[in-house]
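File shown: upload08.txt (compact mmCIF, C-alpha atoms and all ligand atoms).
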# COMPACT_ATOMS: atom_id res chain seq x y z
CA MET A 1 121.81 99.88 115.16
CA THR A 2 121.92 97.12 112.58
CA LEU A 3 121.39 98.14 108.95
CA ILE A 4 120.53 95.35 106.56
CA THR A 5 119.59 95.51 102.91
CA THR A 6 118.97 91.93 101.77
CA LYS A 7 116.27 89.35 102.51
CA LYS A 8 118.99 86.84 103.31
CA GLU A 9 120.50 89.04 106.04
CA LEU A 10 117.00 89.73 107.36
CA GLU A 11 116.27 86.01 107.59
CA SER A 12 119.46 85.42 109.51
CA VAL A 13 118.77 88.30 111.95
CA ILE A 14 115.22 87.06 112.54
CA SER A 15 116.39 83.51 113.17
CA SER A 16 118.73 84.84 115.87
CA PHE A 17 115.79 86.30 117.87
CA ASP A 18 114.79 84.46 121.05
CA LYS A 19 111.57 82.57 120.19
CA LYS A 20 110.01 83.74 123.48
CA GLU A 21 110.44 87.39 122.47
CA THR A 22 108.10 89.43 120.31
CA VAL A 23 108.90 91.32 117.12
CA GLY A 24 107.41 94.69 116.19
CA LEU A 25 107.57 95.99 112.63
CA VAL A 26 107.31 99.66 111.68
CA PRO A 27 107.04 99.91 107.88
CA THR A 28 108.09 103.32 106.52
CA MET A 29 109.17 104.98 103.32
CA GLY A 30 111.90 106.92 105.14
CA ALA A 31 112.18 110.71 105.45
CA LEU A 32 111.39 110.01 109.08
CA HIS A 33 109.81 112.60 111.37
CA MET A 34 108.31 112.71 114.86
CA GLY A 35 105.20 110.85 113.63
CA HIS A 36 107.38 107.87 112.70
CA ALA A 37 109.33 108.27 115.95
CA SER A 38 106.08 107.86 117.89
CA LEU A 39 105.36 104.56 116.07
CA VAL A 40 108.87 103.28 116.75
CA THR A 41 108.68 104.35 120.41
CA LYS A 42 105.42 102.45 120.82
CA ALA A 43 106.89 99.40 119.07
CA LEU A 44 109.94 99.55 121.39
CA SER A 45 107.69 99.72 124.45
CA GLU A 46 105.71 96.64 123.38
CA ASN A 47 108.31 94.33 121.81
CA GLU A 48 111.79 93.02 122.59
CA ASN A 49 112.81 93.27 118.93
CA VAL A 50 111.92 96.11 116.58
CA ILE A 51 112.44 96.19 112.83
CA VAL A 52 111.96 99.47 110.94
CA SER A 53 111.73 99.07 107.18
CA ILE A 54 112.72 101.98 104.96
CA PHE A 55 111.56 101.43 101.41
CA VAL A 56 110.05 103.87 98.93
CA ASN A 57 107.59 101.49 97.31
CA PRO A 58 107.19 102.31 93.60
CA THR A 59 103.98 100.30 93.10
CA GLN A 60 101.93 102.56 95.38
CA PHE A 61 102.72 105.75 93.44
CA ASN A 62 100.23 106.58 90.72
CA ASN A 63 102.24 109.65 89.82
CA LYS A 64 105.82 109.22 88.54
CA GLU A 65 106.82 112.74 89.51
CA ASP A 66 105.61 112.18 93.09
CA LEU A 67 107.78 109.05 93.27
CA GLN A 68 110.83 110.89 91.89
CA LYS A 69 110.36 113.77 94.32
CA TYR A 70 109.91 111.51 97.34
CA PRO A 71 112.74 112.47 99.76
CA LYS A 72 115.47 109.89 100.35
CA THR A 73 117.33 110.65 103.58
CA LEU A 74 118.69 107.30 104.82
CA GLU A 75 121.57 108.74 106.84
CA THR A 76 119.37 111.23 108.72
CA ASP A 77 116.76 108.50 109.25
CA ILE A 78 119.34 106.20 110.79
CA ASN A 79 120.53 108.97 113.12
CA LEU A 80 116.97 109.57 114.30
CA LEU A 81 116.41 105.85 114.92
CA GLN A 82 119.77 105.49 116.66
CA LYS A 83 118.65 108.12 119.18
CA LEU A 84 115.52 106.07 119.94
CA SER A 85 117.39 102.80 120.45
CA SER A 86 120.62 101.28 119.21
CA ALA A 87 118.91 97.88 119.19
CA ILE A 88 116.63 98.74 116.23
CA ILE A 89 117.09 96.66 113.09
CA VAL A 90 116.76 98.80 109.96
CA PHE A 91 115.77 96.95 106.81
CA ALA A 92 116.42 99.17 103.79
CA PRO A 93 116.28 96.99 100.67
CA THR A 94 116.63 98.10 97.04
CA VAL A 95 113.67 97.94 94.65
CA GLU A 96 115.31 94.94 92.91
CA GLU A 97 115.67 93.10 96.22
CA ILE A 98 111.93 93.34 96.81
CA TYR A 99 110.50 93.13 93.30
CA ALA A 100 113.28 91.31 91.36
CA ASP A 101 112.84 92.13 87.65
CA ALA A 102 109.18 93.16 87.49
CA LEU A 103 107.15 95.66 89.50
CA VAL A 104 104.19 93.31 89.90
CA THR A 105 101.28 94.61 91.99
CA LYS A 106 98.88 92.10 93.55
CA SER A 107 95.12 92.68 93.37
CA TYR A 108 93.19 92.53 96.61
CA GLU A 109 89.53 92.46 97.60
CA PHE A 110 89.23 95.28 100.13
CA ASP A 111 85.44 95.22 100.44
CA GLY A 112 85.02 98.70 98.97
CA LEU A 113 87.41 100.34 101.46
CA ASP A 114 89.66 101.17 98.50
CA LYS A 115 86.99 102.70 96.29
CA VAL A 116 86.63 106.01 98.11
CA MET A 117 88.83 109.03 98.92
CA GLU A 118 92.51 108.11 98.34
CA GLY A 119 91.40 105.12 96.26
CA GLU A 120 89.29 107.36 94.05
CA PHE A 121 92.07 109.87 93.45
CA ARG A 122 95.09 107.52 93.41
CA ASP A 123 94.55 104.72 90.94
CA ASN A 124 95.77 101.29 92.17
CA HIS A 125 97.47 102.95 95.18
CA PHE A 126 96.08 100.54 97.75
CA ASN A 127 96.95 97.41 95.77
CA GLY A 128 100.53 98.76 95.80
CA VAL A 129 100.36 99.35 99.57
CA GLY A 130 98.85 95.88 100.11
CA THR A 131 101.57 94.28 97.98
CA ILE A 132 104.47 95.81 99.89
CA VAL A 133 102.96 95.49 103.36
CA GLU A 134 102.09 91.82 102.76
CA ALA A 135 105.65 91.21 101.47
CA LEU A 136 107.19 92.95 104.52
CA LEU A 137 104.95 91.06 106.94
CA LEU A 138 105.87 87.72 105.34
CA LEU A 139 109.57 88.59 105.41
CA THR A 140 109.73 89.90 108.98
CA LYS A 141 107.01 87.73 110.61
CA PRO A 142 106.22 90.31 113.31
CA HIS A 143 103.80 89.83 116.20
CA ARG A 144 102.71 93.46 115.78
CA ALA A 145 102.95 96.04 112.99
CA TYR A 146 102.49 99.77 113.59
CA PHE A 147 100.80 102.32 111.32
CA GLY A 148 99.80 105.95 111.83
CA GLU A 149 96.19 107.11 111.82
CA LYS A 150 97.10 110.00 109.51
CA ASP A 151 96.66 107.37 106.80
CA PHE A 152 93.48 106.09 108.44
CA GLN A 153 92.12 104.60 105.20
CA GLN A 154 95.42 102.76 104.67
CA LEU A 155 95.20 101.45 108.25
CA GLN A 156 91.69 100.02 107.66
CA ILE A 157 92.82 98.50 104.36
CA ILE A 158 95.85 96.84 105.95
CA LYS A 159 93.61 95.39 108.69
CA LYS A 160 91.37 93.97 105.95
CA MET A 161 94.35 92.63 103.97
CA VAL A 162 95.84 90.70 106.90
CA GLN A 163 92.40 89.22 107.57
CA THR A 164 91.85 88.03 103.98
CA GLN A 165 95.46 86.85 103.56
CA GLN A 166 95.25 85.16 106.99
CA ILE A 167 98.45 86.71 108.29
CA ALA A 168 98.84 86.30 112.05
CA VAL A 169 99.82 89.79 113.14
CA GLU A 170 98.26 92.49 115.29
CA ILE A 171 97.89 95.73 113.34
CA VAL A 172 98.35 98.63 115.76
CA GLY A 173 96.98 102.07 114.82
CA CYS A 174 98.74 105.05 116.41
CA PRO A 175 97.42 108.62 116.88
CA ILE A 176 98.34 111.41 114.46
CA VAL A 177 101.31 113.50 115.56
CA ARG A 178 101.01 117.20 114.73
CA GLU A 179 103.32 120.17 114.31
CA PRO A 180 102.76 122.94 116.91
CA SER A 181 100.49 124.66 114.35
CA GLY A 182 98.25 121.58 114.18
CA LEU A 183 99.42 120.50 110.71
CA ALA A 184 99.66 116.69 110.62
CA MET A 185 103.29 115.57 110.46
CA SER A 186 104.22 114.26 107.03
CA SER A 187 107.43 113.82 105.05
CA ARG A 188 105.78 116.03 102.44
CA ASN A 189 105.67 119.04 104.81
CA GLU A 190 109.37 119.58 104.10
CA ARG A 191 108.45 120.49 100.54
CA LEU A 192 106.22 123.39 101.64
CA SER A 193 107.51 126.97 101.65
CA ALA A 194 107.57 128.58 105.11
CA SER A 195 104.47 130.65 104.35
CA LEU A 196 102.49 127.73 102.89
CA ARG A 197 103.43 125.54 105.85
CA LYS A 198 101.95 128.20 108.11
CA GLU A 199 98.84 128.52 105.96
CA ALA A 200 98.39 124.73 105.83
CA ALA A 201 97.53 124.81 109.56
CA PHE A 202 94.12 125.90 108.23
CA ILE A 203 93.45 122.25 107.27
CA PHE A 204 93.33 121.02 110.87
CA GLU A 205 91.61 124.20 112.07
CA THR A 206 88.86 123.51 109.54
CA LEU A 207 88.58 119.86 110.61
CA ASN A 208 88.11 120.98 114.21
CA VAL A 209 85.36 123.44 113.35
CA ALA A 210 83.74 120.84 111.07
CA LYS A 211 83.72 118.44 114.03
CA ARG A 212 81.97 121.02 116.22
CA LYS A 213 79.41 121.78 113.50
CA PHE A 214 78.76 118.07 112.95
CA GLY A 215 77.40 117.95 116.51
CA THR A 216 74.34 119.96 115.46
CA LYS A 217 74.28 120.07 111.65
CA SER A 218 73.91 117.52 108.86
CA ALA A 219 76.95 116.12 107.02
CA ASN A 220 75.77 117.88 103.89
CA VAL A 221 75.73 121.29 105.57
CA VAL A 222 79.19 120.69 107.07
CA GLN A 223 80.52 119.56 103.69
CA LYS A 224 79.24 122.73 101.96
CA TRP A 225 80.68 124.89 104.73
CA VAL A 226 84.14 123.31 104.30
CA VAL A 227 84.09 123.80 100.51
CA ASN A 228 83.18 127.42 101.04
CA GLU A 229 85.93 127.97 103.62
CA PHE A 230 88.59 126.68 101.22
CA GLN A 231 87.42 129.11 98.57
CA LYS A 232 88.77 131.84 100.85
CA HIS A 233 92.24 130.19 100.66
CA PRO A 234 93.30 130.15 97.00
CA ASN A 235 96.73 128.71 97.95
CA LEU A 236 95.05 125.61 99.36
CA GLU A 237 93.09 123.63 96.81
CA LEU A 238 90.58 121.26 98.35
CA GLU A 239 90.57 117.88 96.59
CA TYR A 240 87.99 116.22 98.82
CA PHE A 241 86.32 116.54 102.18
CA THR A 242 84.23 113.50 103.10
CA ILE A 243 82.43 112.31 106.20
CA THR A 244 82.23 108.54 106.43
CA ASN A 245 81.35 105.69 108.71
CA ALA A 246 84.71 105.19 110.48
CA ASN A 247 84.66 101.42 110.01
CA THR A 248 83.28 100.86 106.52
CA LEU A 249 84.52 104.23 105.15
CA LYS A 250 81.21 104.50 103.31
CA PRO A 251 80.12 108.13 102.92
CA ILE A 252 77.45 109.11 105.41
CA LEU A 253 73.88 109.33 104.11
CA ARG A 254 72.02 110.18 107.29
CA LYS A 255 73.45 110.48 110.82
CA GLN A 256 72.67 107.45 112.95
CA LYS A 257 73.13 106.82 116.66
CA ASN A 258 75.86 104.38 117.75
CA ILE A 259 77.86 104.79 114.55
CA LYS A 260 81.35 106.24 114.65
CA TYR A 261 81.97 108.90 112.02
CA ARG A 262 85.20 110.37 110.73
CA ALA A 263 85.99 113.30 108.43
CA PHE A 264 88.73 112.98 105.80
CA ILE A 265 90.38 115.72 103.79
CA ALA A 266 92.93 116.03 100.96
CA VAL A 267 94.33 119.40 99.97
CA TYR A 268 96.93 120.58 97.48
CA ALA A 269 99.27 123.28 98.79
CA ASP A 270 101.05 124.15 95.53
CA ASP A 271 102.01 120.72 94.19
CA VAL A 272 102.22 119.16 97.65
CA ARG A 273 99.31 116.89 98.47
CA LEU A 274 98.38 116.86 102.17
CA ILE A 275 95.87 114.59 103.88
CA ASP A 276 94.36 114.60 107.35
CA ASN A 277 91.38 113.22 109.24
CA ILE A 278 89.53 113.54 112.53
CA ALA A 279 87.15 111.42 114.62
CA LEU A 280 83.80 113.22 114.79
CA ASN A 281 82.15 111.42 117.72
O1 LIG B 301 102.51 104.80 105.08
C1 LIG B 301 103.56 104.55 104.46
O2 LIG B 301 104.61 105.13 104.70
C2 LIG B 301 103.54 103.51 103.36
O3 LIG B 301 102.33 103.51 102.69
C3 LIG B 301 103.88 102.09 103.86
C4 LIG B 301 102.84 101.59 104.85
C5 LIG B 301 105.24 102.10 104.53
C6 LIG B 301 103.92 101.12 102.70
O4 LIG B 301 104.87 101.49 101.75

Could you rewrite the structure in this file as structure tokens?
Amino acid sequence: MTLITTKKELESVISSFDKKETVGLVPTMGALHMGHASLVTKALSENENVIVSIFVNPTQFNNKEDLQKYPKTLETDINLLQKLSSAIIVFAPTVEEIYADALVTKSYEFDGLDKVMEGEFRDNHFNGVGTIVEALLLLTKPHRAYFGEKDFQQLQIIKKMVQTQQIAVEIVGCPIVREPSGLAMSSRNERLSASLRKEAAFIFETLNVAKRKFGTKSANVVQKWVVNEFQKHPNLELEYFTITNANTLKPILRKQKNIKYRAFIAVYADDVRLIDNIALN
């Protein structure tokens, strides 16, 4: 395991790679769990060299408290990665190393992908994500970069960003990894009490039933049903449930054949914000 913290060290490690070999990047904010492990495992199976970045990016947090509370567990993260492969390069820079003196966020044209759901509820979040992911891609020059489908909107936005910024990299989306209860794995799950963690399994249960209902009912009917179901769970506050075209992320107006749809959900369990999504067809 090689741990590096500066751009200079990173440059020197990258220049030592065999030019015939490929590089896979797994960008993370640390507090690693089995979802991250699945991305790293895929990256290891497809590339000779794998870089995992661990960086809690301040420009993508619209809420200061959320940023402060974000878990920082570098030692545990390194132990987890070490078990996957001792050849992994961990890049864990400081905020100053990445942003120097000013936390400047770039502005991107995401073709409306950023205007809905997470974009609607988290001001400037995706410009912050774009800024850091572009910076990491330019620093590490990977052939492939791996992202989880739990953040499906982020995945679509990153695909759009590399296209507009003309960055030669394959963006690889990886399936959501779930706890045995069905709850999507997230670093935030650690902040849930045992009873809320159990109750939060209701989110995925609801998505599954919504998927079944979507087979025969309109999006509007499914939407109303979901809102109603959450009213029976006062500990889980529904922020949004939306059915969209899976590619454009535009909310569905009327079901059409040959279009892929996806349902997205955001729920507060106490002050912990959980998101999830499911392919509907
Ligand atoms: O999904 C995340 O953990 C972050 O948004 C990412 C992609 C590492 C950028 O900070």

Could you produce a table of the residues of chain A lying within 8 Å of ligand LIG 301 (chain B), with the nearest pair of atoms per residue and their separation in Å rounded to one decimal, using all atoms listed in the file, ordered by chain and increasing residue number, as CSV?
residue,atom,partner,partner_atom,distance
A:Val26,CA,B:LIG301,C5,7.8
A:Pro27,CA,B:LIG301,C5,4.4
A:Thr28,CA,B:LIG301,C5,3.7
A:Met29,CA,B:LIG301,O2,4.8
A:Gly30,CA,B:LIG301,O2,7.5
A:Ser53,CA,B:LIG301,C5,7.6
A:Ile54,CA,B:LIG301,C5,7.5
A:Phe55,CA,B:LIG301,O4,6.7
A:Val56,CA,B:LIG301,O4,6.4
A:Asn57,CA,B:LIG301,O4,5.2
A:Gln60,CA,B:LIG301,O4,7.1
A:Gly128,CA,B:LIG301,O4,7.9
A:Val129,CA,B:LIG301,C6,5.1
A:Gly130,CA,B:LIG301,C6,7.7
A:Ile132,CA,B:LIG301,O4,6.0
A:Val133,CA,B:LIG301,C6,5.7
A:Phe147,CA,B:LIG301,C4,6.8
A:Gly148,CA,B:LIG301,O1,7.4
A:Asp151,CA,B:LIG301,O1,6.6
A:Gln154,CA,B:LIG301,O3,7.2

### Residues within 6 Å of segment 200-210 of chain A, all atoms listed in the file, excluding chain neighbours under 5 positions, as a list in words
Ser181, Gly182 and Leu183 of chain A

### Task
Please provide as number ranges by chain all residues within 8 Å of segment 38-40 of chain A, with the sequence filter that same-chain residues fewer than 2 positions apart are discarded (counting all atoms listed in the file).
A: 26, 34-36, 42-44, 50, 52, 84, 146-148, 174, 177

Can you spit out the residues from that selection as a compact mmCIF listing (two decimals), in the frame of the given file, using C-alpha atoms?
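Once written, result_19.txt looks like this:
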# COMPACT_ATOMS: atom_id res chain seq x y z
CA VAL A 26 107.31 99.66 111.68
CA MET A 34 108.31 112.71 114.86
CA GLY A 35 105.20 110.85 113.63
CA HIS A 36 107.38 107.87 112.70
CA LYS A 42 105.42 102.45 120.82
CA ALA A 43 106.89 99.40 119.07
CA LEU A 44 109.94 99.55 121.39
CA VAL A 50 111.92 96.11 116.58
CA VAL A 52 111.96 99.47 110.94
CA LEU A 84 115.52 106.07 119.94
CA TYR A 146 102.49 99.77 113.59
CA PHE A 147 100.80 102.32 111.32
CA GLY A 148 99.80 105.95 111.83
CA CYS A 174 98.74 105.05 116.41
CA VAL A 177 101.31 113.50 115.56

List the spatial neighbours of Glu170 of chain A as a CSV table (one decimal) with C-alpha atoms, in the frame of the given file - criterion: any atom at most 12 Å away, only C-alpha atoms, same-chain residues fewer than 3 positions off excluded.
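Okay, this is what ended up in part.csv:
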chain,number,residue,atom,x,y,z
A,22,THR,CA,108.1,89.4,120.3
A,23,VAL,CA,108.9,91.3,117.1
A,24,GLY,CA,107.4,94.7,116.2
A,25,LEU,CA,107.6,96.0,112.6
A,43,ALA,CA,106.9,99.4,119.1
A,46,GLU,CA,105.7,96.6,123.4
A,137,LEU,CA,105.0,91.1,106.9
A,141,LYS,CA,107.0,87.7,110.6
A,142,PRO,CA,106.2,90.3,113.3
A,143,HIS,CA,103.8,89.8,116.2
A,144,ARG,CA,102.7,93.5,115.8
A,145,ALA,CA,103.0,96.0,113.0
A,146,TYR,CA,102.5,99.8,113.6
A,147,PHE,CA,100.8,102.3,111.3
A,155,LEU,CA,95.2,101.4,108.2
A,158,ILE,CA,95.8,96.8,106.0
A,159,LYS,CA,93.6,95.4,108.7
A,160,LYS,CA,91.4,94.0,106.0
A,161,MET,CA,94.4,92.6,104.0
A,162,VAL,CA,95.8,90.7,106.9
A,163,GLN,CA,92.4,89.2,107.6
A,166,GLN,CA,95.2,85.2,107.0
A,167,ILE,CA,98.4,86.7,108.3
A,173,GLY,CA,97.0,102.1,114.8

## Note on the structure
Shortest contact to Asp123 of chain A, candidates A:Thr94, A:Gln156, A:Thr73, A:Thr59, atoms counted only C-alpha atoms, goes to A:Thr59

### Message
Please list as a PyMOL selection string every residue within 9 Å of Thr76 of chain A, counting all atoms listed in the file and excluding residues in the same chain fewer than 3 positions away.
### Response
chain A and resi 31-32+73+79-81

Contacts of segment 69-157 of chain A with segment 231-245 of chain A up to 10 Å, shortest pair per row, all atoms listed in the file, as a Markdown table:
| residue | atom | partner | partner_atom | distance |
| --- | --- | --- | --- | --- |
| A:Val116 | CA | A:Thr242 | CA | 9.3 |
| A:Met117 | CA | A:Tyr240 | CA | 7.2 |
| A:Glu118 | CA | A:Tyr240 | CA | 9.3 |
| A:Phe121 | CA | A:Glu239 | CA | 8.7 |

Using only C-alpha atoms, please write the residues we just selected to a file, as an mmCIF file, in the frame of the given file.
data_model
loop_
_atom_site.group_PDB
_atom_site.id
_atom_site.type_symbol
_atom_site.label_atom_id
_atom_site.label_comp_id
_atom_site.auth_asym_id
_atom_site.auth_seq_id
_atom_site.Cartn_x
_atom_site.Cartn_y
_atom_site.Cartn_z
ATOM 1 C CA VAL A 116 86.630 106.010 98.110
ATOM 2 C CA MET A 117 88.830 109.030 98.920
ATOM 3 C CA GLU A 118 92.510 108.110 98.340
ATOM 4 C CA PHE A 121 92.070 109.870 93.450
#

Write out, as a Markdown table, each residue of segment 86-196 of chain A that has an atom at most 12 Å from segment 268-275 of chain A, together with the closest pair of atoms and their distance in Å to one decimal, counting only C-alpha atoms, rows going by chain and rising number.
| residue | atom | partner | partner_atom | distance |
| --- | --- | --- | --- | --- |
| A:Met117 | CA | A:Ile275 | CA | 10.3 |
| A:Glu118 | CA | A:Ile275 | CA | 9.2 |
| A:Phe121 | CA | A:Arg273 | CA | 11.3 |
| A:Arg122 | CA | A:Arg273 | CA | 11.5 |
| A:Glu149 | CA | A:Ile275 | CA | 10.9 |
| A:Lys150 | CA | A:Ile275 | CA | 7.4 |
| A:Asp151 | CA | A:Ile275 | CA | 7.8 |
| A:Phe152 | CA | A:Ile275 | CA | 9.9 |
| A:Gln153 | CA | A:Ile275 | CA | 10.8 |
| A:Gln154 | CA | A:Ile275 | CA | 11.9 |
| A:Ile176 | CA | A:Ile275 | CA | 11.3 |
| A:Leu183 | CA | A:Leu274 | CA | 9.3 |
| A:Ala184 | CA | A:Ile275 | CA | 8.0 |
| A:Met185 | CA | A:Leu274 | CA | 9.7 |
| A:Ser186 | CA | A:Leu274 | CA | 8.0 |
| A:Ser187 | CA | A:Leu274 | CA | 10.0 |
| A:Arg188 | CA | A:Val272 | CA | 6.7 |
| A:Asn189 | CA | A:Val272 | CA | 7.9 |
| A:Glu190 | CA | A:Val272 | CA | 9.6 |
| A:Arg191 | CA | A:Val272 | CA | 7.0 |
| A:Leu192 | CA | A:Val272 | CA | 7.1 |
| A:Ser193 | CA | A:Asp270 | CA | 9.3 |
| A:Ala194 | CA | A:Ala269 | CA | 11.7 |
| A:Ser195 | CA | A:Ala269 | CA | 10.6 |
| A:Leu196 | CA | A:Ala269 | CA | 6.9 |

### Message
Could you tell me how far atom CA of Asp77 of chain A sits from atom CA of Ala266 of chain A, in Å to one decimal place?
### Response
26.3 Å

### Task
Tell me, in Å to one decimal, how far atom CA of Asp276 of chain A is from atom CA of Phe264 of chain A.
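Distance between the two atoms: 6.1 Å.
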
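Checking A:Ile89, A:Val267, A:Val13, A:Ala37 one by one against Met1 of chain A, counting only C-alpha atoms, you find the shortest gap at A:Ile89.
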
### Query
For the atom pair atom CA of Leu113 of chain A and atom CA of Lys250 of chain A, what is the interatomic distance in Å to one decimal place?
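Taking atom CA of Leu113 of chain A and atom CA of Lys250 of chain A, their separation equals 7.7 Å.
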
### Message
Can you pull out the residues contacting Thr6 of chain A? Cut-off 8 Å, using only C-alpha atoms, and skip same-chain residues under 6 positions away; I want them as JSON, numbers by chain.
### Response
{"A": [91, 92, 93, 97]}

### Message
Let me make sure I understand: among A:Gln223, A:Asn49, A:Glu179, A:Ser85, which one has the smallest atom-to-atom distance to Asp18 of chain A if we use only C-alpha atoms?
### Response
A:Asn49

### Query
Nearest to Val104 of chain A: which of A:Leu10, A:Ala246, A:Ala135, A:Ala219 is it, counting all atoms listed in the file?
A:Ala135

### Query
With all atoms listed in the file as the basis for distance, which of A:Thr140, A:Thr248, A:Asn277, A:Thr41 is at the shortest distance from Lys211 of chain A?
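Distance minimum relative to Lys211 of chain A lands on A:Asn277.
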